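Asker: One structure follows; several queries about it will come next.
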Amino acid sequence: MSASPDRASHESIVEIRTEAGPAMIPTIRAVAADLAGRADFDLDAISDLRMAVDETCATLVSIAAPESTLTCRFTVVPDMIEVEAAVTMASGQGTDAVATDTFGWRVLQTLADNVGVLELPGTDSAATQVGIRLVKRAVTDQR
Amino acid sequence: MTESAPRSGHLSTHVSTPSPGRVIVHVSGEVDTLTAPELDAALDRQLDGPATSLVLDLTGVGFLASSGLAVLIKAAHVAEERGVALSLVTANRAVVRPLEVTKTAGMFTIHDSLVTAEAALDRDGTGSSEH
C-alpha cells in the first residue's frame, strides 16, 4: 500500500495491490471506510462507499485470472473519493465479463454516485485487464 | 449450536429456541461474499424445520454486502411461502443502510431490539407481527 499525500493541491492517492482473491477484501473495504471517515464523509456515505468497494472487489475477483493481482486505487479529493479497481481477467473472458445485469451491479449503481466498467489496454493479448471505476461524494443525497 | 469461521471476514451464527415454534438465529460478524453462503445454509436449516416464527438477530453484524442482502431477501421469500413469520432485529447502520438504500426494508418486519421483536410475537401469537 502506498500513499502520496498532496501530490496535486488537494488530492491524495492510496493504492492497494493484493492477490485477486476474497481474503483481502475485508481489509480493502476497511481502508475505504477509513479514508471516507477522514475525509469527513457523512455516516451514510461511509457505509455506502464501504459496501460499494466490497461489491466492486468481489465482482472483479470472481473473473480474475488465477494468481493474478487486484489493484485498488483511491483518489481522495475534497468532498469526493474516486475508486479504480482492476484485475487481469481469466483467459477466455471478454470485456463483457463484468456482468451488469446482476443484483450486485444494481446495488452498486444505487450506492455510488457514478459507476462504470473500465476497459483497460492489456500489455498483451493474453492478459487483458478489466476494471471498475466509481465515484462517491461525501454528502449523501436525500433520497 | 455455534458455527464459526476464523477468517478475516468472519461470521458466527448461534441458534436458540426460546419457546416451541419460535427460533432465534443470532448472527455476528460480517456478511459478505465469503460468509453469505454460511448464513444462507443456517437460515435454510431453520426454514426447513418446524419453526413458525423465525427471528434473525443481526445486532452483532458489522457489515452487510449485497451478497448478504440477497440471502436475506431469499429468506423473506421462502418464509412467506412456508408461512413462517420472519423478523429482523437490527439498529445498526451497517445493516439498516443497505436495506434502506436498496429499498428492500419493506420486505421485512424490523425491530430495533430482541426484546421488542419477542414482545411483538408474544402479542400476535406466532403469527406475523407489525410494529
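Quick note on naming: the chains in the C-alpha cells go A, B, ... in the order shown, residues restart at 1 in each chain, and ligands are numbered from 1 in order of appearance.
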Between chain B and chain A, at 12 Å or less, what are the per-residue closest atom pairs and their distances in Å? Count only C-alpha atoms, order by chain and rising residue number, and return it as a Markdown table.
Answerer:
| residue | atom | partner | partner_atom | distance |
| --- | --- | --- | --- | --- |
| B:Pro6 | CA | A:Ala23 | CA | 11.6 |
| B:Arg7 | CA | A:Ala23 | CA | 7.9 |
| B:Ser8 | CA | A:Pro26 | CA | 6.6 |
| B:Gly9 | CA | A:Pro26 | CA | 5.8 |
| B:His10 | CA | A:Pro26 | CA | 9.5 |
| B:Gly29 | CA | A:Pro26 | CA | 11.4 |
| B:Glu30 | CA | A:Pro26 | CA | 8.8 |
| B:Val31 | CA | A:Pro26 | CA | 10.4 |
| B:Asp32 | CA | A:Asp54 | CA | 8.1 |
| B:Thr33 | CA | A:Ala58 | CA | 7.0 |
| B:Leu34 | CA | A:Pro22 | CA | 6.9 |
| B:Thr35 | CA | A:Pro22 | CA | 10.5 |
| B:Gly62 | CA | A:Ser47 | CA | 10.4 |
| B:Phe63 | CA | A:Met51 | CA | 8.0 |
| B:Leu64 | CA | A:Met51 | CA | 7.5 |
| B:Ala65 | CA | A:Met51 | CA | 5.8 |
| B:Ser66 | CA | A:Gly104 | CA | 5.7 |
| B:Ser67 | CA | A:Gly104 | CA | 7.2 |
| B:Gly68 | CA | A:Gly104 | CA | 10.4 |
| B:Leu69 | CA | A:Gly104 | CA | 9.5 |
| B:Ala70 | CA | A:Phe103 | CA | 7.9 |
| B:Val71 | CA | A:Phe103 | CA | 11.6 |
| B:Ile73 | CA | A:Phe103 | CA | 11.2 |
| B:Asn92 | CA | A:Ser47 | CA | 10.9 |
| B:Arg93 | CA | A:Ser47 | CA | 7.6 |
| B:Ala94 | CA | A:Ser47 | CA | 6.5 |
| B:Val95 | CA | A:Ser47 | CA | 9.4 |
| B:Val96 | CA | A:Asp44 | CA | 10.0 |
| B:Arg97 | CA | A:Asp44 | CA | 6.9 |
| B:Pro98 | CA | A:Asp48 | CA | 7.6 |
| B:Leu99 | CA | A:Val107 | CA | 10.4 |
| B:Glu100 | CA | A:Arg143 | CA | 9.7 |
| B:Val101 | CA | A:Thr110 | CA | 7.0 |
| B:Thr102 | CA | A:Val107 | CA | 6.5 |
| B:Lys103 | CA | A:Thr110 | CA | 10.0 |
| B:Thr104 | CA | A:Val107 | CA | 11.0 |
Asker: Take the selection from the previous step and output its residues with C-alpha atoms, as a JSON list (two decimals), in the first residue's frame.
Answerer:
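result10.json was written with the following content:
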[["chain", "number", "residue", "atom", "x", "y", "z"],
["B", 6, "PRO", "CA", -11.82, -17.99, 11.74],
["B", 7, "ARG", "CA", -11.05, -15.80, 8.76],
["B", 8, "SER", "CA", -10.85, -12.10, 8.12],
["B", 9, "GLY", "CA", -14.47, -11.59, 7.07],
["B", 10, "HIS", "CA", -15.70, -13.86, 9.83],
["B", 29, "GLY", "CA", -19.55, -10.76, 12.26],
["B", 30, "GLU", "CA", -19.56, -9.66, 8.63],
["B", 31, "VAL", "CA", -21.88, -10.98, 5.93],
["B", 32, "ASP", "CA", -20.03, -10.78, 2.62],
["B", 33, "THR", "CA", -19.22, -12.96, -0.39],
["B", 34, "LEU", "CA", -17.17, -15.31, 1.77],
["B", 35, "THR", "CA", -19.64, -15.72, 4.61],
["B", 62, "GLY", "CA", -20.92, -5.06, 11.39],
["B", 63, "PHE", "CA", -21.11, -5.34, 7.61],
["B", 64, "LEU", "CA", -23.72, -6.50, 5.11],
["B", 65, "ALA", "CA", -22.69, -6.87, 1.46],
["B", 66, "SER", "CA", -25.11, -7.22, -1.46],
["B", 67, "SER", "CA", -24.49, -10.99, -1.29],
["B", 68, "GLY", "CA", -25.73, -10.91, 2.32],
["B", 69, "LEU", "CA", -28.69, -8.78, 1.34],
["B", 70, "ALA", "CA", -29.56, -11.34, -1.34],
["B", 71, "VAL", "CA", -29.59, -14.07, 1.34],
["B", 73, "ILE", "CA", -34.30, -11.37, 0.52],
["B", 92, "ASN", "CA", -27.06, -0.88, 13.25],
["B", 93, "ARG", "CA", -26.37, 1.38, 10.28],
["B", 94, "ALA", "CA", -24.25, -1.38, 8.68],
["B", 95, "VAL", "CA", -27.49, -3.36, 8.23],
["B", 96, "VAL", "CA", -30.19, -0.69, 8.15],
["B", 97, "ARG", "CA", -28.47, 1.43, 5.49],
["B", 98, "PRO", "CA", -28.15, -1.35, 2.88],
["B", 99, "LEU", "CA", -31.82, -2.25, 3.43],
["B", 100, "GLU", "CA", -32.89, 1.38, 3.03],
["B", 101, "VAL", "CA", -30.70, 2.29, 0.09],
["B", 102, "THR", "CA", -31.88, -0.75, -1.88],
["B", 103, "LYS", "CA", -35.49, -0.12, -0.83],
["B", 104, "THR", "CA", -35.80, -3.67, 0.49]]
Asker: Using Å and a single decimal, report how far atom CA of Pro121 of chain A sits from atom CA of Met89 of chain A.
Answerer: 12.0 Å
Asker: If you count only C-alpha atoms, which residues fall within 10 Å of Gln46 of chain B, apart from same-chain ones fewer than 4 positions away, as a list in words?
Answerer: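 With the cut-off at 10 Å, the set is Val15, Val23, Ile24, Val25, Ala41, Ala42, Pro50, Ala51, Thr52, Ser53, Leu54 and Ala79 of chain B.
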Asker: Mind giving me the straight-line distance from atom CA of Arg82 of chain B to atom CA of Val55 of chain B in Å, one decimal?
Answerer: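 Separating atom CA of Arg82 of chain B from atom CA of Val55 of chain B is a distance of 14.9 Å.
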Asker: Looking at only C-alpha atoms, which of A:Ala112, A:Ile16, A:Leu35, A:Leu49 is the one that sits closest to Ala86 of chain A?
Answerer: A:Ile16
